[in-house]
>>> print(open('input_27.cif').read())   # mmCIF, C-alpha atoms
data_start
#
loop_
_atom_site.group_PDB
_atom_site.id
_atom_site.type_symbol
_atom_site.label_atom_id
_atom_site.label_comp_id
_atom_site.auth_asym_id
_atom_site.auth_seq_id
_atom_site.Cartn_x
_atom_site.Cartn_y
_atom_site.Cartn_z
ATOM 1 C CA MET W 3 -15.881 195.017 87.519
ATOM 2 C CA LEU W 4 -13.532 192.036 87.278
ATOM 3 C CA ASP W 5 -10.580 191.594 89.616
ATOM 4 C CA THR W 6 -8.238 191.937 86.638
ATOM 5 C CA ASP W 7 -9.870 195.243 85.725
ATOM 6 C CA LEU W 8 -9.608 196.379 89.341
ATOM 7 C CA ASN W 9 -5.875 195.675 89.483
ATOM 8 C CA THR W 10 -5.329 197.436 86.173
ATOM 9 C CA PHE W 11 -7.159 200.523 87.407
ATOM 10 C CA ILE W 12 -5.200 200.568 90.650
ATOM 11 C CA ASP W 13 -1.910 200.367 88.747
ATOM 12 C CA ILE W 14 -2.932 203.208 86.442
ATOM 13 C CA TRP W 15 -4.066 205.373 89.349
ATOM 14 C CA LYS W 16 -0.799 204.811 91.205
ATOM 15 C CA GLN W 17 1.082 205.954 88.120
ATOM 16 C CA GLU W 18 -1.004 209.146 88.082
ATOM 17 C CA GLU W 19 -0.374 209.577 91.802
ATOM 18 C CA SER W 20 3.395 209.495 91.281
ATOM 19 C CA ARG W 21 3.522 211.976 88.401
ATOM 20 C CA PRO W 22 5.322 215.225 89.327
ATOM 21 C CA PHE W 23 3.456 218.508 89.525
ATOM 22 C CA THR W 24 5.219 221.867 89.602
ATOM 23 C CA GLY W 25 4.146 225.421 89.034
ATOM 24 C CA TRP W 26 0.403 225.843 88.690
ATOM 25 C CA ASP W 27 0.054 224.070 85.382
ATOM 26 C CA PHE W 28 -2.696 221.520 84.777
ATOM 27 C CA SER W 29 -2.000 221.142 81.050
ATOM 28 C CA TYR W 30 -1.292 217.456 81.657
ATOM 29 C CA LEU W 31 -5.043 217.078 82.226
ATOM 30 C CA ASP W 32 -6.065 218.833 78.998
ATOM 31 C CA GLY W 33 -9.078 217.001 77.637
ATOM 32 C CA ARG W 34 -9.479 215.015 80.865
ATOM 33 C CA MET W 35 -10.393 217.784 83.330
ATOM 34 C CA LEU W 36 -12.930 220.080 81.717
ATOM 35 C CA GLU W 37 -13.865 223.231 83.586
ATOM 36 C CA ASP W 38 -16.450 225.778 82.565
ATOM 37 C CA GLN W 39 -14.990 229.264 82.483
ATOM 38 C CA PRO W 40 -16.377 232.339 84.261
ATOM 39 C CA PRO W 41 -17.708 235.215 82.144
ATOM 40 C CA TRP W 42 -14.762 237.475 82.984
ATOM 41 C CA SER W 43 -11.099 237.243 81.973
ATOM 42 C CA TYR W 44 -8.775 237.718 84.919
ATOM 43 C CA LEU W 45 -5.726 237.894 82.655
ATOM 44 C CA ALA W 46 -7.269 240.480 80.357
ATOM 45 C CA ARG W 47 -8.191 242.758 83.260
ATOM 46 C CA ALA W 48 -4.795 242.261 84.893
ATOM 47 C CA GLY W 49 -3.143 243.319 81.652
ATOM 48 C CA GLU W 50 -5.272 246.450 81.443
ATOM 49 C CA LEU W 51 -4.385 247.420 84.997
ATOM 50 C CA MET W 52 -0.689 246.751 84.383
ATOM 51 C CA GLN W 53 -0.701 249.261 81.553
ATOM 52 C CA GLN W 54 -1.686 251.928 84.096
ATOM 53 C CA ALA W 55 0.836 250.849 86.751
ATOM 54 C CA SER W 56 4.495 251.510 87.487
ATOM 55 C CA ALA W 57 5.055 248.791 90.128
ATOM 56 C CA VAL W 58 3.145 245.501 90.390
ATOM 57 C CA LEU W 59 3.177 242.634 92.875
ATOM 58 C CA ASP W 60 1.912 239.198 91.820
ATOM 59 C CA MET W 61 0.964 237.285 94.971
ATOM 60 C CA GLY W 62 1.292 233.498 94.842
ATOM 61 C CA THR W 63 2.769 233.425 91.369
ATOM 62 C CA GLY W 64 3.172 229.629 91.267
ATOM 63 C CA GLY W 65 5.822 228.978 88.659
ATOM 64 C CA GLY W 66 5.180 232.367 87.073
ATOM 65 C CA GLU W 67 2.986 230.858 84.367
ATOM 66 C CA ARG W 68 0.356 233.562 84.203
ATOM 67 C CA LEU W 69 2.685 236.428 84.959
ATOM 68 C CA LEU W 70 4.715 235.418 81.904
ATOM 69 C CA ARG W 71 1.568 235.501 79.780
ATOM 70 C CA LEU W 72 1.230 239.169 80.764
ATOM 71 C CA ARG W 73 4.823 240.055 79.899
ATOM 72 C CA ASP W 74 3.895 242.482 77.122
ATOM 73 C CA ASP W 75 2.045 244.581 79.726
ATOM 74 C CA TRP W 76 4.677 244.541 82.484
ATOM 75 C CA PRO W 77 5.456 247.909 84.070
ATOM 76 C CA GLN W 78 8.974 248.942 85.036
ATOM 77 C CA LYS W 79 8.906 247.137 88.387
ATOM 78 C CA VAL W 80 7.544 243.595 88.746
ATOM 79 C CA VAL W 81 7.810 241.557 91.955
ATOM 80 C CA ALA W 82 6.267 238.177 92.805
ATOM 81 C CA THR W 83 5.707 236.038 95.892
ATOM 82 C CA GLU W 84 5.498 232.267 96.290
ATOM 83 C CA ASP W 85 5.866 229.883 99.230
ATOM 84 C CA TYR W 86 5.844 226.338 97.804
ATOM 85 C CA PRO W 87 9.576 225.449 97.486
ATOM 86 C CA PRO W 88 9.437 223.686 94.075
ATOM 87 C CA ASN W 89 7.455 226.621 92.696
ATOM 88 C CA VAL W 90 9.852 229.166 94.203
ATOM 89 C CA ALA W 91 12.767 227.565 92.372
ATOM 90 C CA LEU W 92 10.786 227.371 89.138
ATOM 91 C CA ALA W 93 9.556 230.976 89.382
ATOM 92 C CA ARG W 94 13.055 232.271 90.047
ATOM 93 C CA GLU W 95 14.424 230.278 87.136
ATOM 94 C CA ARG W 96 11.793 231.661 84.784
ATOM 95 C CA LEU W 97 11.349 235.195 86.092
ATOM 96 C CA GLY W 98 14.747 236.082 87.528
ATOM 97 C CA PRO W 99 16.484 236.533 84.136
ATOM 98 C CA LEU W 100 13.688 238.930 83.195
ATOM 99 C CA GLY W 101 14.361 241.179 86.182
ATOM 100 C CA VAL W 102 11.535 239.938 88.422
ATOM 101 C CA ARG W 103 12.318 239.480 92.121
ATOM 102 C CA VAL W 104 10.615 236.461 93.679
ATOM 103 C CA GLU W 105 10.159 236.615 97.450
ATOM 104 C CA VAL W 106 9.284 233.631 99.640
ATOM 105 C CA VAL W 107 6.104 234.628 101.467
ATOM 106 C CA ALA W 108 3.688 232.291 103.251
ATOM 107 C CA LEU W 109 0.470 234.074 102.356
ATOM 108 C CA LEU W 110 -1.808 231.992 104.557
ATOM 109 C CA ARG W 111 0.056 233.000 107.712
ATOM 110 C CA ASP W 112 -0.342 236.201 109.623
ATOM 111 C CA GLY W 113 2.571 238.600 109.483
ATOM 112 C CA PRO W 114 3.883 241.425 107.325
ATOM 113 C CA MET W 115 5.104 240.863 103.797
ATOM 114 C CA PRO W 116 8.694 242.011 103.126
ATOM 115 C CA PHE W 117 7.625 245.151 101.273
ATOM 116 C CA LEU W 118 7.491 248.846 102.072
ATOM 117 C CA ASP W 119 4.326 250.779 102.780
ATOM 118 C CA ARG W 120 2.794 252.048 99.528
ATOM 119 C CA GLU W 121 5.414 250.228 97.442
ATOM 120 C CA PHE W 122 3.051 249.067 94.666
ATOM 121 C CA ASP W 123 0.300 250.689 92.672
ATOM 122 C CA LEU W 124 -1.066 247.319 91.562
ATOM 123 C CA VAL W 125 -1.393 244.076 93.504
ATOM 124 C CA LEU W 126 -2.545 240.928 91.710
ATOM 125 C CA ASN W 127 -3.683 237.749 93.395
ATOM 126 C CA ARG W 128 -4.977 234.726 91.528
ATOM 127 C CA HIS W 129 -6.053 231.820 93.736
ATOM 128 C CA SER W 130 -3.636 232.652 96.533
ATOM 129 C CA GLY W 131 -3.804 233.437 100.235
ATOM 130 C CA LEU W 132 -4.840 236.927 101.182
ATOM 131 C CA ASP W 133 -4.294 239.302 104.116
ATOM 132 C CA CYS W 134 -6.475 242.345 103.453
ATOM 133 C CA ASN W 135 -4.542 244.633 105.791
ATOM 134 C CA GLU W 136 -1.238 243.746 104.158
ATOM 135 C CA VAL W 137 -2.627 244.378 100.690
ATOM 136 C CA ALA W 138 -3.810 247.802 101.805
ATOM 137 C CA ARG W 139 -0.491 248.589 103.486
ATOM 138 C CA ILE W 140 1.670 247.952 100.434
ATOM 139 C CA LEU W 141 -0.703 249.683 97.991
ATOM 140 C CA SER W 142 -0.079 253.315 97.138
ATOM 141 C CA PRO W 143 -3.035 255.738 97.312
ATOM 142 C CA GLY W 144 -5.215 255.169 94.272
ATOM 143 C CA GLY W 145 -3.563 251.789 93.690
ATOM 144 C CA ALA W 146 -5.600 248.840 92.430
ATOM 145 C CA PHE W 147 -6.090 245.354 93.800
ATOM 146 C CA LEU W 148 -7.389 242.556 91.573
ATOM 147 C CA THR W 149 -8.041 239.032 92.823
ATOM 148 C CA GLN W 150 -9.695 235.948 91.415
ATOM 149 C CA GLN W 151 -10.357 233.374 94.081
ATOM 150 C CA VAL W 152 -11.577 229.797 94.196
ATOM 151 C CA HIS W 153 -14.770 229.846 96.256
ATOM 152 C CA GLY W 154 -14.493 228.167 99.645
ATOM 153 C CA LEU W 155 -17.152 225.630 98.600
ATOM 154 C CA TRP W 156 -15.398 224.745 95.331
ATOM 155 C CA ALA W 157 -16.097 221.118 94.327
ATOM 156 C CA GLN W 158 -17.528 220.298 97.727
ATOM 157 C CA ASP W 159 -19.456 217.452 96.095
ATOM 158 C CA LEU W 160 -16.167 215.931 94.880
ATOM 159 C CA LEU W 161 -14.639 216.272 98.333
ATOM 160 C CA ALA W 162 -17.693 214.607 99.860
ATOM 161 C CA VAL W 163 -16.994 211.487 97.784
ATOM 162 C CA PHE W 164 -13.822 211.063 99.847
ATOM 163 C CA GLY W 165 -15.411 212.006 103.158
ATOM 164 C CA ALA W 166 -13.727 215.423 103.154
ATOM 165 C CA ARG W 167 -15.113 218.909 103.657
ATOM 166 C CA PRO W 168 -13.890 222.268 102.378
ATOM 167 C CA GLN W 169 -11.178 223.549 104.717
ATOM 168 C CA TRP W 170 -11.986 227.216 104.131
ATOM 169 C CA PRO W 171 -15.759 227.342 103.551
ATOM 170 C CA ASP W 172 -15.818 231.015 104.561
ATOM 171 C CA ALA W 173 -13.467 232.038 101.739
ATOM 172 C CA THR W 174 -16.207 233.979 99.970
ATOM 173 C CA PRO W 175 -16.868 237.575 98.914
ATOM 174 C CA ASP W 176 -18.995 237.995 102.047
ATOM 175 C CA TYR W 177 -15.871 237.306 104.092
ATOM 176 C CA TYR W 178 -13.375 239.450 102.186
ATOM 177 C CA LEU W 179 -15.403 242.484 101.143
ATOM 178 C CA PRO W 180 -15.921 244.018 104.611
ATOM 179 C CA ARG W 181 -12.296 243.290 105.534
ATOM 180 C CA LEU W 182 -11.013 245.012 102.412
ATOM 181 C CA GLU W 183 -13.235 248.005 103.122
ATOM 182 C CA ARG W 184 -12.081 248.235 106.733
ATOM 183 C CA ALA W 185 -8.490 248.143 105.489
ATOM 184 C CA GLY W 186 -9.136 251.251 103.412
ATOM 185 C CA LEU W 187 -10.038 249.865 99.995
ATOM 186 C CA GLN W 188 -13.053 250.861 97.957
ATOM 187 C CA ILE W 189 -14.778 247.957 96.213
ATOM 188 C CA GLU W 190 -15.216 248.638 92.509
ATOM 189 C CA ARG W 191 -16.272 245.270 91.147
ATOM 190 C CA VAL W 192 -17.524 241.934 92.481
ATOM 191 C CA GLU W 193 -18.543 238.961 90.359
ATOM 192 C CA GLU W 194 -19.438 235.430 91.400
ATOM 193 C CA TRP W 195 -19.712 232.421 89.131
ATOM 194 C CA GLN W 196 -20.805 228.810 89.325
ATOM 195 C CA GLY W 197 -20.243 226.162 86.655
ATOM 196 C CA LYS W 198 -19.225 222.577 86.022
ATOM 197 C CA LEU W 199 -16.007 220.655 86.648
ATOM 198 C CA VAL W 200 -15.925 217.415 84.655
ATOM 199 C CA PHE W 201 -13.397 214.573 84.783
ATOM 200 C CA THR W 202 -13.345 212.057 81.937
ATOM 201 C CA ASP W 203 -11.502 209.385 83.917
ATOM 202 C CA VAL W 204 -10.715 208.599 87.551
ATOM 203 C CA GLY W 205 -6.978 208.865 86.978
ATOM 204 C CA ALA W 206 -7.440 212.559 86.242
ATOM 205 C CA ILE W 207 -9.095 212.962 89.646
ATOM 206 C CA VAL W 208 -6.143 211.183 91.282
ATOM 207 C CA TYR W 209 -3.665 213.562 89.626
ATOM 208 C CA TYR W 210 -5.765 216.583 90.550
ATOM 209 C CA LEU W 211 -6.140 215.639 94.208
ATOM 210 C CA LYS W 212 -2.412 214.969 94.559
ATOM 211 C CA ALA W 213 -1.638 218.339 92.962
ATOM 212 C CA VAL W 214 -4.051 220.168 95.273
ATOM 213 C CA PRO W 215 -3.491 218.237 98.529
ATOM 214 C CA TRP W 216 -5.523 220.516 100.804
ATOM 215 C CA ASN W 217 -8.767 219.421 99.137
ATOM 216 C CA VAL W 218 -8.588 215.881 100.524
ATOM 217 C CA PRO W 219 -5.903 215.876 103.234
ATOM 218 C CA GLY W 220 -3.846 212.700 103.244
ATOM 219 C CA PHE W 221 -5.176 211.577 99.880
ATOM 220 C CA SER W 222 -3.604 208.475 98.355
ATOM 221 C CA VAL W 223 -4.729 205.739 96.005
ATOM 222 C CA GLU W 224 -4.148 203.101 98.663
ATOM 223 C CA ARG W 225 -6.036 204.944 101.402
ATOM 224 C CA HIS W 226 -8.936 205.969 99.174
ATOM 225 C CA ARG W 227 -9.134 202.905 96.947
ATOM 226 C CA GLU W 228 -12.811 202.204 97.646
ATOM 227 C CA HIS W 229 -13.807 205.797 96.934
ATOM 228 C CA LEU W 230 -11.955 205.698 93.619
ATOM 229 C CA LEU W 231 -13.535 202.389 92.695
ATOM 230 C CA GLY W 232 -16.939 203.888 93.441
ATOM 231 C CA LEU W 233 -16.195 206.669 90.970
ATOM 232 C CA GLN W 234 -15.072 204.139 88.391
ATOM 233 C CA ARG W 235 -18.338 202.239 88.792
ATOM 234 C CA ARG W 236 -20.213 205.476 88.163
ATOM 235 C CA LEU W 237 -18.283 205.890 84.918
ATOM 236 C CA ASP W 238 -18.887 202.267 83.940
ATOM 237 C CA ASN W 239 -22.613 202.836 84.463
ATOM 238 C CA GLY W 240 -22.545 205.705 81.984
ATOM 239 C CA GLU W 241 -22.505 208.560 84.486
ATOM 240 C CA VAL W 242 -20.515 211.701 83.778
ATOM 241 C CA LEU W 243 -18.264 212.682 86.683
ATOM 242 C CA THR W 244 -19.497 216.249 87.068
ATOM 243 C CA PHE W 245 -18.872 218.459 90.092
ATOM 244 C CA GLN W 246 -19.497 222.039 91.112
ATOM 245 C CA ALA W 247 -16.975 224.740 90.196
ATOM 246 C CA ARG W 248 -17.206 228.158 91.858
ATOM 247 C CA LYS W 249 -15.026 231.262 91.621
ATOM 248 C CA TYR W 250 -15.282 234.974 92.244
ATOM 249 C CA LEU W 251 -13.531 238.164 91.201
ATOM 250 C CA ILE W 252 -12.942 241.278 93.301
ATOM 251 C CA GLU W 253 -11.460 244.554 92.120
ATOM 252 C CA ALA W 254 -10.786 247.305 94.646
ATOM 253 C CA ARG W 255 -8.839 250.532 94.924
ATOM 254 C CA LYS W 256 -7.063 252.141 97.849
ATOM 255 C CA ILE W 257 -8.776 255.349 98.845
ATOM 256 C CA THR W 258 -5.971 257.137 100.714
#
>>> encode(input="input_27.cif", output="structure tokens")
Amino acid sequence: MLDTDLNTFIDIWKQEESRPFTGWDFSYLDGRMLEDQPPWSYLARAGELMQQASAVLDMGTGGGERLLRLRDDWPQKVVATEDYPPNVALARERLGPLGVRVEVVALLRDGPMPFLDREFDLVLNRHSGLDCNEVARILSPGGAFLTQQVHGLWAQDLLAVFGARPQWPDATPDYYLPRLERAGLQIERVEEWQGKLVFTDVGAIVYYLKAVPWNVPGFSVERHREHLLGLQRRLDNGEVLTFQARKYLIEARKIT
């Protein structure tokens, strides 16, 4: 790799680093970040459950992207939570005119959510923090809980390139299932999946790591220049930048 090539790559990566990211929308990386998909459809199942519900809570809605895709199935009452300030503003802008209340809730911190006991008969959670006791508290008897989660060891091989480790390695079904059961939920479905996460260029990795900052804390092009150059050399040598993707789905129902 020539010095001129190196400087060009650094400039390109810094441009990717500075690009804004709001909501939970990775469409900018279409064709550059290629992820195998699990055998289930979270959105399809969420829509089916919505058709049986009268009040739904969407935890960690991001900018409301996926909730809006389910709009045809919305019950009478729809509420959402989000804690990242840019996403809160975006979710309220998108969902507020449609009658959806968006509450600021830090889902990774202990403490009650601002909802009544048994207020919802469906709670949805896609890739967001989770307090099993709180989910059980706000669910009405017979109410359903559906969550798709990123496995705690998601892309650990990518993180290792940068000397990082998964921050929540215990975020697995083995961790959540007994806690959900102790909270009073009956487990109805559990699925785990493992596939491939492929990046076609290093700039896509830069954008991804800036958008998901907890994967490599303190990530920056300047700080991790040598790691990024190592990835570029792998590409130049004909290697495909492939990493491990892992997710799981849990569906449960409140017993009483």
>>> residues_near_point(input="input_27.cif", point="(8.7, 243.2, 90.9)", cutoff="10 Å", atoms="all atoms listed in the file", output="list in words")
Ser56, Ala57, Val58, Leu59, Asp60, Trp76, Pro77, Gln78, Lys79, Val80, Val81, Ala82, Thr83, Leu97, Gly98, Gly101, Val102, Arg103, Val104, Glu105 and Phe122 of chain W
>>> atom_distance(input="input_27.cif", atom1="CA of Leu160 in chain W", atom2="CA of Gln196 in chain W")
14.8 Å
>>> resolve_selection(input="input_27.cif", expression="the PyMOL selection byres ((chain W and resi 234) around 12)", output="MDAnalysis selection string")
chainID W and resid 3 7:8 11:12 15 201:208 227:233 235:243
>>> residues_around(input="input_27.cif", residues="range 31-42 of chain W", least_positions_apart="2", cutoff="10 Å", atoms="only C-alpha atoms", output="PyMOL selection string")
chain W and resi 27-29+44-47+150+193-207+209-210+243-251
>>> closest_residue(input="input_27.cif", among="W:Leu100, W:Val125, W:Leu187, W:Leu132", to="Ala55 in chain W", atoms="only C-alpha atoms")
W:Val125
>>> resolve_selection(input="input_27.cif", expression="the PyMOL selection byres ((chain W and resi 183) around 10)", output="short mmCIF file (atom, residue, chain, number, x, y, z; two decimals) with C-alpha atoms, in the frame of the given file")
data_model
loop_
_atom_site.label_atom_id
_atom_site.label_comp_id
_atom_site.auth_asym_id
_atom_site.auth_seq_id
_atom_site.Cartn_x
_atom_site.Cartn_y
_atom_site.Cartn_z
CA CYS W 134 -6.48 242.34 103.45
CA ASN W 135 -4.54 244.63 105.79
CA ALA W 138 -3.81 247.80 101.80
CA TYR W 178 -13.38 239.45 102.19
CA LEU W 179 -15.40 242.48 101.14
CA PRO W 180 -15.92 244.02 104.61
CA ARG W 181 -12.30 243.29 105.53
CA LEU W 182 -11.01 245.01 102.41
CA ARG W 184 -12.08 248.24 106.73
CA ALA W 185 -8.49 248.14 105.49
CA GLY W 186 -9.14 251.25 103.41
CA LEU W 187 -10.04 249.86 100.00
CA GLN W 188 -13.05 250.86 97.96
CA ILE W 189 -14.78 247.96 96.21
CA ALA W 254 -10.79 247.30 94.65
CA ARG W 255 -8.84 250.53 94.92
CA LYS W 256 -7.06 252.14 97.85
CA ILE W 257 -8.78 255.35 98.84
#
>>> closest_residue(input="input_27.cif", among="W:Thr174, W:Gln17, W:Asn89, W:Gln53", to="Gln151 in chain W", atoms="only C-alpha atoms")
W:Thr174
>>> atom_distance(input="input_27.cif", atom1="CA of Asp85 in chain W", atom2="CA of Leu72 in chain W")
21.2 Å
>>> atom_distance(input="input_27.cif", atom1="CA of Pro219 in chain W", atom2="CA of Gln169 in chain W")
9.4 Å
>>> resolve_selection(input="input_27.cif", expression="the PyMOL selection byres ((chain W and resi 127) around 7)", output="ChimeraX atom specification")
/W:60-62,125-126,128-130,148-150
>>> residues_around(input="input_27.cif", residues="Lys212 in chain W", least_positions_apart="6", cutoff="9 Å", atoms="only C-alpha atoms", output="PyMOL selection string")
chain W and resi 18-20+23+218+221-222
>>> closest_residue(input="input_27.cif", among="W:Gln54, W:Ala173, W:Ala48, W:Glu84", to="Arg71 in chain W", atoms="only C-alpha atoms")
W:Ala48
>>> residues_near_point(input="input_27.cif", point="(-9.1, 222.4, 99.1)", cutoff="9 Å", atoms="all atoms listed in the file", output="list in words")
Gly154, Leu155, Trp156, Ala157, Gln158, Leu161, Arg167, Pro168, Gln169, Trp170, Leu211, Val214, Pro215, Trp216, Asn217, Val218 and Pro219 of chain W
>>> closest_residue(input="input_27.cif", among="W:Asp133, W:Glu224, W:Glu95, W:Asp159", to="Tyr177 in chain W", atoms="all atoms listed in the file")
W:Asp133
>>> residues_around(input="input_27.cif", residues="Pro114 in chain W", least_positions_apart="3", cutoff="12 Å", atoms="only C-alpha atoms", output="PyMOL selection string")
chain W and resi 107-111+117-119+132-140
>>> build_atoms(input="input_27.cif", residues="range 198-214 of chain W", atoms="N, CA and C atoms", output="mmCIF file, in the frame of the given file")
data_model
loop_
_atom_site.group_PDB
_atom_site.id
_atom_site.type_symbol
_atom_site.label_atom_id
_atom_site.label_comp_id
_atom_site.auth_asym_id
_atom_site.auth_seq_id
_atom_site.Cartn_x
_atom_site.Cartn_y
_atom_site.Cartn_z
ATOM 1 N N LYS W 198 -19.461 224.010 85.912
ATOM 2 C CA LYS W 198 -19.225 222.577 86.022
ATOM 3 C C LYS W 198 -17.736 222.250 85.931
ATOM 4 N N LEU W 199 -17.344 221.229 86.705
ATOM 5 C CA LEU W 199 -16.007 220.655 86.648
ATOM 6 C C LEU W 199 -16.191 219.183 86.313
ATOM 7 N N VAL W 200 -15.691 218.767 85.151
ATOM 8 C CA VAL W 200 -15.925 217.415 84.655
ATOM 9 C C VAL W 200 -14.591 216.682 84.507
ATOM 10 N N PHE W 201 -14.558 215.443 84.971
ATOM 11 C CA PHE W 201 -13.397 214.573 84.783
ATOM 12 C C PHE W 201 -13.812 213.414 83.885
ATOM 13 N N THR W 202 -13.000 213.126 82.870
ATOM 14 C CA THR W 202 -13.345 212.057 81.937
ATOM 15 C C THR W 202 -12.884 210.692 82.418
ATOM 16 N N ASP W 203 -11.972 210.662 83.382
ATOM 17 C CA ASP W 203 -11.502 209.385 83.917
ATOM 18 C C ASP W 203 -11.068 209.590 85.362
ATOM 19 N N VAL W 204 -11.029 208.521 86.129
ATOM 20 C CA VAL W 204 -10.715 208.599 87.551
ATOM 21 C C VAL W 204 -9.246 208.946 87.764
ATOM 22 N N GLY W 205 -8.387 208.514 86.857
ATOM 23 C CA GLY W 205 -6.978 208.865 86.978
ATOM 24 C C GLY W 205 -6.749 210.358 86.984
ATOM 25 N N ALA W 206 -7.555 211.101 86.246
ATOM 26 C CA ALA W 206 -7.440 212.559 86.242
ATOM 27 C C ALA W 206 -7.777 213.128 87.610
ATOM 28 N N ILE W 207 -8.742 212.529 88.289
ATOM 29 C CA ILE W 207 -9.095 212.962 89.646
ATOM 30 C C ILE W 207 -7.937 212.680 90.599
ATOM 31 N N VAL W 208 -7.297 211.524 90.445
ATOM 32 C CA VAL W 208 -6.143 211.183 91.282
ATOM 33 C C VAL W 208 -5.047 212.238 91.116
ATOM 34 N N TYR W 209 -4.715 212.561 89.881
ATOM 35 C CA TYR W 209 -3.665 213.562 89.626
ATOM 36 C C TYR W 209 -4.049 214.905 90.230
ATOM 37 N N TYR W 210 -5.292 215.296 90.045
ATOM 38 C CA TYR W 210 -5.765 216.583 90.550
ATOM 39 C C TYR W 210 -5.680 216.652 92.070
ATOM 40 N N LEU W 211 -6.130 215.615 92.742
ATOM 41 C CA LEU W 211 -6.140 215.639 94.208
ATOM 42 C C LEU W 211 -4.734 215.587 94.787
ATOM 43 N N LYS W 212 -3.800 214.958 94.098
ATOM 44 C CA LYS W 212 -2.412 214.969 94.559
ATOM 45 C C LYS W 212 -1.786 216.338 94.335
ATOM 46 N N ALA W 213 -2.189 217.017 93.267
ATOM 47 C CA ALA W 213 -1.638 218.339 92.962
ATOM 48 C C ALA W 213 -2.185 219.412 93.897
ATOM 49 N N VAL W 214 -3.396 219.205 94.388
ATOM 50 C CA VAL W 214 -4.051 220.168 95.273
ATOM 51 C C VAL W 214 -4.358 219.454 96.589
#
